[in-house]
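Everything below concerns the one structure shown next.
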Number of protein chains: 2
Amino acid sequence: MEKEITIYDIAKELGVSPTTVSRALNNHPAVNEKTKKKIFSAALESGYQSNVFAANLRNKKTNNIGVIVPRLNSSFQSSVLAGMEKVANEAGYNLIISQSLESYHKEVANALTMFNSRVDGLLVSLAGDTENIDHFMPFLKKGTPLMFYDRIAEHSNTTGITIDNIQAAQNATNHLIEQGCKRIVHVLRTTKINVYADRLKGYKYALLENDIPFNPSLVLYADLVEDVGEEIVNKILKMDPLPDGLFVSNDSCAASCIKHLKLAGIRIPEDIAVVGFNNEFISRLVEPNITTVNYPGYEMGELAMKNLINHLENPGDRMLQNTNKITLRSELIVRASSKRK
Amino acid sequence: MEKEITIYDIAKELGVSPTTVSRALNNHPAVNEKTKKKIFSAALESGYQSNVFAANLRNKKTNNIGVIVPRLNSSFQSSVLAGMEKVANEAGYNLIISQSLESYHKEVANALTMFNSRVDGLLVSLAGDTENIDHFMPFLKKGTPLMFYDRIAEHSNTTGITIDNIQAAQNATNHLIEQGCKRIVHVLRTTKINVYADRLKGYKYALLENDIPFNPSLVLYADLVEDVGEEIVNKILKMDPLPDGLFVSNDSCAASCIKHLKLAGIRIPEDIAVVGFNNEFISRLVEPNITTVNYPGYEMGELAMKNLINHLENPGDRMLQNTNKITLRSELIVRASSKRK
DNA sequence: ATTTACATTACAACCGATTTCATCTATTAT
DNA sequence: ATAATAGATGAAATCGGTTGTAATGTAAAT
């Protein structure tokens with residue numbers, strides 16, 4: 001390829017020093033306006049492109065922000081990412097994204113890669129089987145801003161951003177109870193993840209409030225992948241008596257359950273009333289439309305990124321250090337799958 | 001923060017030269033095995049972290065691969081990204097992702113950012129209103145591998161990877177005709193994008209094959225966003241006579257159409273048989289299940305990334321230069337939404 | 001005319017890894 | 001014994017911006 005143009009070339013061409021060129025291009029106040037103009041137009045004309053490597057080497061920052069997600073191809077996660085990308089892009093940061101595929105080991109590897117790539121900040125939604133967050137310690141030790149979202153590390157005095165999953169689940173369950181449900185099945189992934197653990201709590205609180213005894217056999221654990229409905233419905237059909245309510249921690253999965261319940265001749269919501277979670281697009285398409293908890297993923301992404309960048313650019317304020325948890329509002333959206341009138 | 005450890009520190013500690021440390025850490029054959037061992041353990045012990053900036057500056061590469069997608073939060077695109085991430089990660093590359101939000105201007109800005117970030121390679125799926133690809137010229141001029149996927153730039157002698165959209169649409173349309181459809185509506189986004197232009201062609205070819213005259217008023221243009229079904233169905237309901245087939249370029253949108261058609265009392269597939277596109281998860285959840293074209297997004301992502309990386313690591317072979325188009329297999333999946341027995 | 005103040009600009013030392021070329025030692029061939 | 005070769009290591013230049021400090025120039029003040 002052709003040789004690249006450097007500030008030295010421009011300096012030589014104009015008979016000034018590289019220092020002045022560098023300062024001019026960075027809009028340093030100590031450079032005469034006329035000189036700046038001259039330098040800018042020379043740079044433009046020559047097709048000069050700043051060498052980020054050299055700048056990074058001096059400045060010790062990359063303008064890259066890392067994100068580790070459980071999976072890229074998830075309705076919720078991709079909304080979050082979209083929100084993050086928008087904010088980062090507007091602020092002049094690049095997004096480096098990697099996925100843990102719900103595996104602790106991959107997450108550890110990803111964290112290491114991110115660390116070695118020297119991202120300026122890191123946003124993480126934890127993998128399904130992550131039990132400790134030691135692999136993020138290097139970031140904390142080094143002072144790199146680190147923030148968790150959705151699936152956060154509790155009891156770790158790191159900053160996390162979530163919705164109030166307990167309250168949301170409690171509302172959802174209460175709603176089912178109001179509709180006359182007495183035997184409510186709750187489907188979740190694993191209590192290892194705060195998100196699900198909290199929802200289970202909320203479910204229990206609602207039962208308690210309504211003097212319904214908690215029955216552990218009504219709590220089902222399943223990978224909330226899209227096709228898991230059949231397996232769940234099979235378990236439900238074996239219950240005697242049949243439950244009359246179903247609260248699934250994810251709309252896609254709820255949709256899949258509804259499909260298989262209907263195949264089994266069960267009427268929704270008359271026989272079993274169903275509530276999902278996330279307010280995914282799918283909740284408005286299947287029949288009946290699914291009652292769900294609106295989880296503002298896009299907004300969460302925006303907010304998380306705004307906070308991180310704010311922290312990067314105002315290292316003075318100890319916001320991130322002092323804030324332990326940011327909670328977003330969420331609300332129950334009642335639709336046909338649970339409304340018994 | 002504490003001072004970082006450099007190869008100079010290690011060199012001093014062990015009484016060797018930085019040269020040897022650098023070579024050892026890079027597993028250079030000219031370094032004695034014993035020396036290597038010594039250096040490796042000293043590096044490990046001291047918590048040495050290679051400074052990528054310095055290495056990048058010398059090597060003139062970042063190990064970052066850029067991806068520009070129309071939207072992150074799309075079922076298809078996030079699958080593609082998942083495939084790309086997996087391959088890139090395994091090969092030791094990072095993914096820098098940005099979204100054009102279907103806007104030509106944002107795409108231009110993103111391309112510039114990617115260029116300035118000096119990504120080693122770039123993968124692009126074009127925005128909806130992109131009409132030329134001049135903004136990618138700097139990459140070509142510089143010799144940075146560039147590859148389009150799904151929404152490719154035709155007639156541009158750049159490399160692109162797609163499915164055979166013409167054939168797929170032709171098969172889909174033929175299938176509807178076989179089911180007895182005579183008045184088939186086709187819904188697409190815009191013929192500016194190769195993907196949709198090709199599908200329209202395939203639709204026309206199938207009609208031609210079956211001696212059905214092409215009726216332009218049966219072609220509907222719409223943003224294929226998720227909630228657009230109502231608008232489309234309203235147009236369909238105004239047609240007289242009513243169409244008996246519907247071929248939508250996207251499952252989410254097809255699902256939304258089915259919902260509103262059913263609300264209008266139209267039976268699927270008896271009154272109108274429906275075919276979608278992409279084989280999204282949703283196609284298996286709504287009722288009736290949607291006949292669709294299986295578009296292997298994940299595999300496309302894998303393949304695109306494999307090709308790009310292969311090119312990066314074997315600059316010798318002129319594969320990318322010489323290959324103009326890679327075509328993936330896709331097939332029609334017949335389900336209840338179109339099967340009339 | 002001389003001093004003081006301020007605005008511009010330049011020098012040179014970084015940042016940390018890589019690599020060319022030279023050097024030195026130990027081994028093998030003549 | 002001497003030359004030739006291979007093996008291992010090091011000195012120093014390089015990649016291209018950035019920045020503390022010194023130097024220069026100019027205008028205002030005395």
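We name chains A, B, ... following the order of the structure tokens; residues begin at 1 in each chain, and ligands are numbered from 1 as shown.
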
| task | Kindly provide, as an NGL selection string, the residues of chain C having any atom no farther than 10 Å from an atom of chain A, counting only C-alpha atoms (C1' of nucleotides). | result | :C and (7-11 or 14-16)

Could you name the residues that touch B:Lys106 at 12 Å or less, counting only C-alpha atoms (C1' of nucleotides), but leaving out those on the same chain fewer than 4 positions away, as a CSV table (one decimal) with N, CA, C and O atoms, in the first residue's frame?
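As a result, out.csv now contains:
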```
chain,number,residue,atom,x,y,z
A,86,LYS,N,-26.4,2.9,20.4
A,86,LYS,CA,-26.8,4.2,20.0
A,86,LYS,C,-26.1,5.3,20.9
A,86,LYS,O,-25.5,6.2,20.3
A,89,ASN,N,-22.2,5.2,20.3
A,89,ASN,CA,-21.8,5.8,19.0
A,89,ASN,C,-21.9,7.3,19.0
A,89,ASN,O,-21.0,8.0,18.5
A,90,GLU,N,-23.0,7.8,19.6
A,90,GLU,CA,-23.1,9.3,19.7
A,90,GLU,C,-22.0,9.9,20.5
A,90,GLU,O,-21.6,11.1,20.2
B,68,ILE,N,-21.0,-3.7,10.4
B,68,ILE,CA,-22.1,-2.7,10.4
B,68,ILE,C,-23.4,-3.4,10.0
B,68,ILE,O,-23.5,-4.0,8.9
B,69,VAL,N,-24.3,-3.3,10.9
B,69,VAL,CA,-25.6,-4.0,10.6
B,69,VAL,C,-26.7,-2.9,10.5
B,69,VAL,O,-26.6,-1.8,11.1
B,70,PRO,N,-27.8,-3.2,9.9
B,70,PRO,CA,-28.9,-2.3,9.8
B,70,PRO,C,-29.5,-2.0,11.2
B,70,PRO,O,-29.6,-0.9,11.7
B,71,ARG,N,-29.8,-3.1,11.9
B,71,ARG,CA,-30.3,-3.0,13.3
B,71,ARG,C,-29.8,-4.2,14.1
B,71,ARG,O,-29.7,-5.3,13.6
B,98,SER,N,-21.5,-1.8,14.9
B,98,SER,CA,-22.3,-0.6,15.0
B,98,SER,C,-23.5,-0.8,14.0
B,98,SER,O,-23.5,-1.6,13.1
B,99,GLN,N,-24.5,0.0,14.3
B,99,GLN,CA,-25.8,-0.1,13.5
B,99,GLN,C,-26.1,1.1,12.7
B,99,GLN,O,-25.9,2.2,13.2
B,100,SER,N,-26.5,0.9,11.5
B,100,SER,CA,-26.9,2.1,10.6
B,100,SER,C,-28.3,2.5,10.9
B,100,SER,O,-28.7,3.6,10.4
B,101,LEU,N,-29.1,1.7,11.5
B,101,LEU,CA,-30.5,2.1,11.7
B,101,LEU,C,-31.2,2.4,10.4
B,101,LEU,O,-32.0,3.2,10.3
B,102,GLU,N,-30.7,1.6,9.4
B,102,GLU,CA,-31.3,1.7,8.1
B,102,GLU,C,-31.0,3.1,7.4
B,102,GLU,O,-31.7,3.4,6.4
B,110,ASN,N,-20.7,5.5,10.3
B,110,ASN,CA,-20.1,4.3,10.9
B,110,ASN,C,-18.9,3.8,10.1
B,110,ASN,O,-17.9,3.4,10.7
B,111,ALA,N,-19.0,3.9,8.8
B,111,ALA,CA,-17.9,3.4,8.0
B,111,ALA,C,-16.6,4.2,8.3
B,111,ALA,O,-15.5,3.7,8.4
B,112,LEU,N,-16.8,5.5,8.4
B,112,LEU,CA,-15.7,6.4,8.7
B,112,LEU,C,-15.1,6.1,10.1
B,112,LEU,O,-13.9,5.9,10.2
B,113,THR,N,-16.0,5.9,11.1
B,113,THR,CA,-15.5,5.5,12.4
B,113,THR,C,-14.7,4.2,12.3
B,113,THR,O,-13.6,4.1,12.9
B,126,LEU,N,-26.0,-3.8,4.2
B,126,LEU,CA,-26.3,-2.4,3.9
B,126,LEU,C,-27.7,-1.9,4.4
B,126,LEU,O,-28.6,-2.6,4.6
B,127,ALA,N,-27.7,-0.6,4.6
B,127,ALA,CA,-28.9,0.1,5.1
B,127,ALA,C,-29.9,0.1,4.1
B,127,ALA,O,-29.7,-0.1,2.9
B,128,GLY,N,-31.2,0.4,4.5
B,128,GLY,CA,-32.3,0.4,3.6
B,128,GLY,C,-32.2,1.4,2.4
B,128,GLY,O,-32.6,1.1,1.3
B,129,ASP,N,-31.7,2.6,2.8
B,129,ASP,CA,-31.7,3.6,1.7
B,129,ASP,C,-30.3,3.9,1.2
B,129,ASP,O,-30.0,5.0,0.7
B,130,THR,N,-29.4,2.9,1.3
B,130,THR,CA,-28.1,3.1,0.7
B,130,THR,C,-28.1,2.9,-0.8
B,130,THR,O,-28.5,1.8,-1.2
B,135,HIS,N,-18.7,5.2,0.3
B,135,HIS,CA,-18.1,5.4,1.6
B,135,HIS,C,-17.2,4.2,2.0
B,135,HIS,O,-16.6,4.2,3.1
```

| request: Just the strand (DSSP E) stuff from stretch 239-308 of chain B, please, per backbone DSSP, written as a PyMOL selection string. | output: chain B and resi 245-248+273-275+292-294

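Near B:Lys37, within 12 Å and counting only C-alpha atoms (C1' of nucleotides), sit Leu14, Thr20, Val21, Ala24, Leu25, Asn27, Val31, Asn32, Glu33, Lys34, Phe40, Ser41, Ala42, Ala43 and Leu44 of chain B, not including residues fewer than 3 positions from it in the same chain.
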
| said: I'd like the contact shell of A:Ala304 - 12 Å cut-off, only C-alpha atoms (C1' of nucleotides), skipping same-chain residues fewer than 2 positions apart - returned as a PyMOL selection string. | reply: chain A and resi 65+67+80-88+121-125+145-150+159-162+297-302+306-311+320+325-328

| said: Report as a ChimeraX atom specification all protein, DNA and RNA residues lying within 10 Å of C:DA26, evaluated on only C-alpha atoms (C1' of nucleotides), omitting residues in the same chain fewer than 2 positions from it. | reply: /C:24,28 /D:6-7

Save the residues we just selected, C-alpha atoms (C1' of nucleotides), as a PDB file, in the first residue's frame?
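Written file, result.pdb:
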```
ATOM      1  C1'  DC C  24      29.324 -13.538  20.421  1.00  0.00           C
ATOM      2  C1'  DT C  28      31.172 -29.065  13.214  1.00  0.00           C
TER       3       DT C  28
ATOM      4  C1'  DA D   6      24.392 -22.647  13.563  1.00  0.00           C
ATOM      5  C1'  DG D   7      22.402 -20.890  17.824  1.00  0.00           C
TER       6       DG D   7
END
```

| request: Apply DSSP to the backbone of this structure and, from stretch 97-300 of chain B, keep only the residues in helix (DSSP H, G or I); write these as number ranges by chain. | output: B: 104-116, 134-142, 165-178, 194-209, 216-218, 229-237, 251-263, 281-284, 297-300

| task | Would you work out the distance separating atom CA of A:Arg183 from atom CA of A:Leu246, expressed in Å to one decimal? | result |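 Straight-line distance from atom CA of A:Arg183 to atom CA of A:Leu246 works out to 8.5 Å.
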
| said: With 9 Å as the limit and counting only C-alpha atoms, what residues in chain A lie close to chain B? Please list them as JSON, numbers by chain. | reply: {"A": [1, 2, 49, 50, 51, 52, 53, 54, 55, 56, 57, 58, 60, 61, 62, 64, 71, 72, 73, 74, 75, 76, 77, 78, 79, 80, 81, 82, 85, 86, 89, 92, 94, 95, 96, 97, 98, 99, 110, 113, 114, 116, 117, 118, 141, 142, 143, 226, 227, 252, 255, 256, 258, 259, 281, 282, 284, 285, 286, 287]}

Shell of 6 Å around A:Arg199, only C-alpha atoms (C1' of nucleotides), local chain residues under 6 positions omitted, as a PDB file with C-alpha atoms, in the first residue's frame:
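Now in result_32.pdb:
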```
ATOM      1  CA  ASN A 165     -37.749  -8.191  39.659  1.00  0.00           C
ATOM      2  CA  ILE A 166     -39.250  -9.014  43.020  1.00  0.00           C
ATOM      3  CA  ALA A 169     -43.084 -10.884  39.797  1.00  0.00           C
TER       4      ALA A 169
END
```

Show me, as JSON lines, the residues of chain D having an atom within 9 Å of chain B, each with the closest atom pair and its distance in Å, using only C-alpha atoms (C1' of nucleotides).
```
{"residue": "D:DG7", "atom": "C1'", "partner": "B:Ala30", "partner_atom": "CA", "distance": 7.4}
{"residue": "D:DA8", "atom": "C1'", "partner": "B:Val31", "partner_atom": "CA", "distance": 6.4}
{"residue": "D:DT9", "atom": "C1'", "partner": "B:Thr20", "partner_atom": "CA", "distance": 6.9}
{"residue": "D:DG10", "atom": "C1'", "partner": "B:Ser17", "partner_atom": "CA", "distance": 6.1}
{"residue": "D:DT14", "atom": "C1'", "partner": "B:Arg58", "partner_atom": "CA", "distance": 8.0}
{"residue": "D:DC15", "atom": "C1'", "partner": "B:Arg58", "partner_atom": "CA", "distance": 4.8}
{"residue": "D:DG16", "atom": "C1'", "partner": "B:Leu57", "partner_atom": "CA", "distance": 7.9}
```

Restricting it to N, CA, C and O atoms (P, O5', C5', C4', C3', O3' and C1' of nucleotides), dump the selection as a CSV table (one decimal), in the first residue's frame.
```csv
chain,number,residue,atom,x,y,z
D,7,DG,P,20.7,-24.3,14.3
D,7,DG,O5',21.2,-23.5,15.6
D,7,DG,C5',22.1,-24.1,16.6
D,7,DG,C4',22.2,-23.2,17.8
D,7,DG,C3',20.8,-22.6,18.2
D,7,DG,O3',20.7,-22.7,19.6
D,7,DG,C1',22.4,-20.9,17.8
D,8,DA,P,19.4,-22.2,20.4
D,8,DA,O5',19.9,-20.8,20.9
D,8,DA,C5',21.0,-20.8,21.8
D,8,DA,C4',21.4,-19.4,22.2
D,8,DA,C3',20.2,-18.6,22.7
D,8,DA,O3',20.5,-18.1,24.0
D,8,DA,C1',21.4,-17.4,21.1
D,9,DT,P,19.4,-17.2,24.8
D,9,DT,O5',19.9,-15.8,24.4
D,9,DT,C5',21.2,-15.3,25.0
D,9,DT,C4',21.5,-14.0,24.4
D,9,DT,C3',20.6,-12.8,24.7
D,9,DT,O3',21.2,-12.0,25.7
D,9,DT,C1',21.3,-12.7,22.5
D,10,DG,P,20.4,-10.8,26.3
D,10,DG,O5',21.0,-9.5,25.5
D,10,DG,C5',22.4,-9.5,25.2
D,10,DG,C4',22.7,-8.3,24.3
D,10,DG,C3',21.9,-7.1,24.6
D,10,DG,O3',22.8,-6.0,24.5
D,10,DG,C1',21.6,-7.7,22.4
D,14,DT,P,15.4,4.8,12.2
D,14,DT,O5',14.0,4.2,12.6
D,14,DT,C5',13.7,2.9,12.1
D,14,DT,C4',12.4,2.5,12.6
D,14,DT,C3',11.3,3.6,12.5
D,14,DT,O3',10.4,3.3,11.6
D,14,DT,C1',11.2,2.3,14.6
D,15,DC,P,9.4,4.5,11.0
D,15,DC,O5',8.0,4.1,11.5
D,15,DC,C5',7.5,2.8,11.4
D,15,DC,C4',6.3,2.7,12.4
D,15,DC,C3',5.5,3.9,12.6
D,15,DC,O3',4.4,4.0,11.7
D,15,DC,C1',6.0,2.8,14.7
D,16,DG,P,4.2,5.3,10.9
D,16,DG,O5',3.6,6.3,11.9
D,16,DG,C5',2.3,6.0,12.4
D,16,DG,C4',2.0,7.0,13.6
D,16,DG,C3',2.1,8.5,13.1
D,16,DG,O3',1.0,9.1,13.7
D,16,DG,C1',3.3,8.1,15.1
```

Give me, as an mmCIF file with C-alpha atoms (C1' of nucleotides), in the first residue's frame, all polymer residues having an atom no more than 12 Å from C:DC6, counting only C-alpha atoms (C1' of nucleotides) and skipping those fewer than 2 positions away in the same chain.
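Writing done, so here's part_21.cif:
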```
data_model
loop_
_atom_site.group_PDB
_atom_site.id
_atom_site.type_symbol
_atom_site.label_atom_id
_atom_site.label_comp_id
_atom_site.auth_asym_id
_atom_site.auth_seq_id
_atom_site.Cartn_x
_atom_site.Cartn_y
_atom_site.Cartn_z
ATOM 1 C CA ALA A 30 -2.413 27.613 22.253
ATOM 2 C "C1'" DT C 4 7.419 42.622 31.553
ATOM 3 C "C1'" DT C 8 3.123 31.038 19.641
ATOM 4 C "C1'" DG D 25 8.582 36.689 18.957
ATOM 5 C "C1'" DT D 26 5.531 40.574 19.682
ATOM 6 C "C1'" DA D 27 3.050 44.043 22.051
ATOM 7 C "C1'" DA D 28 2.257 46.659 26.064
#
```
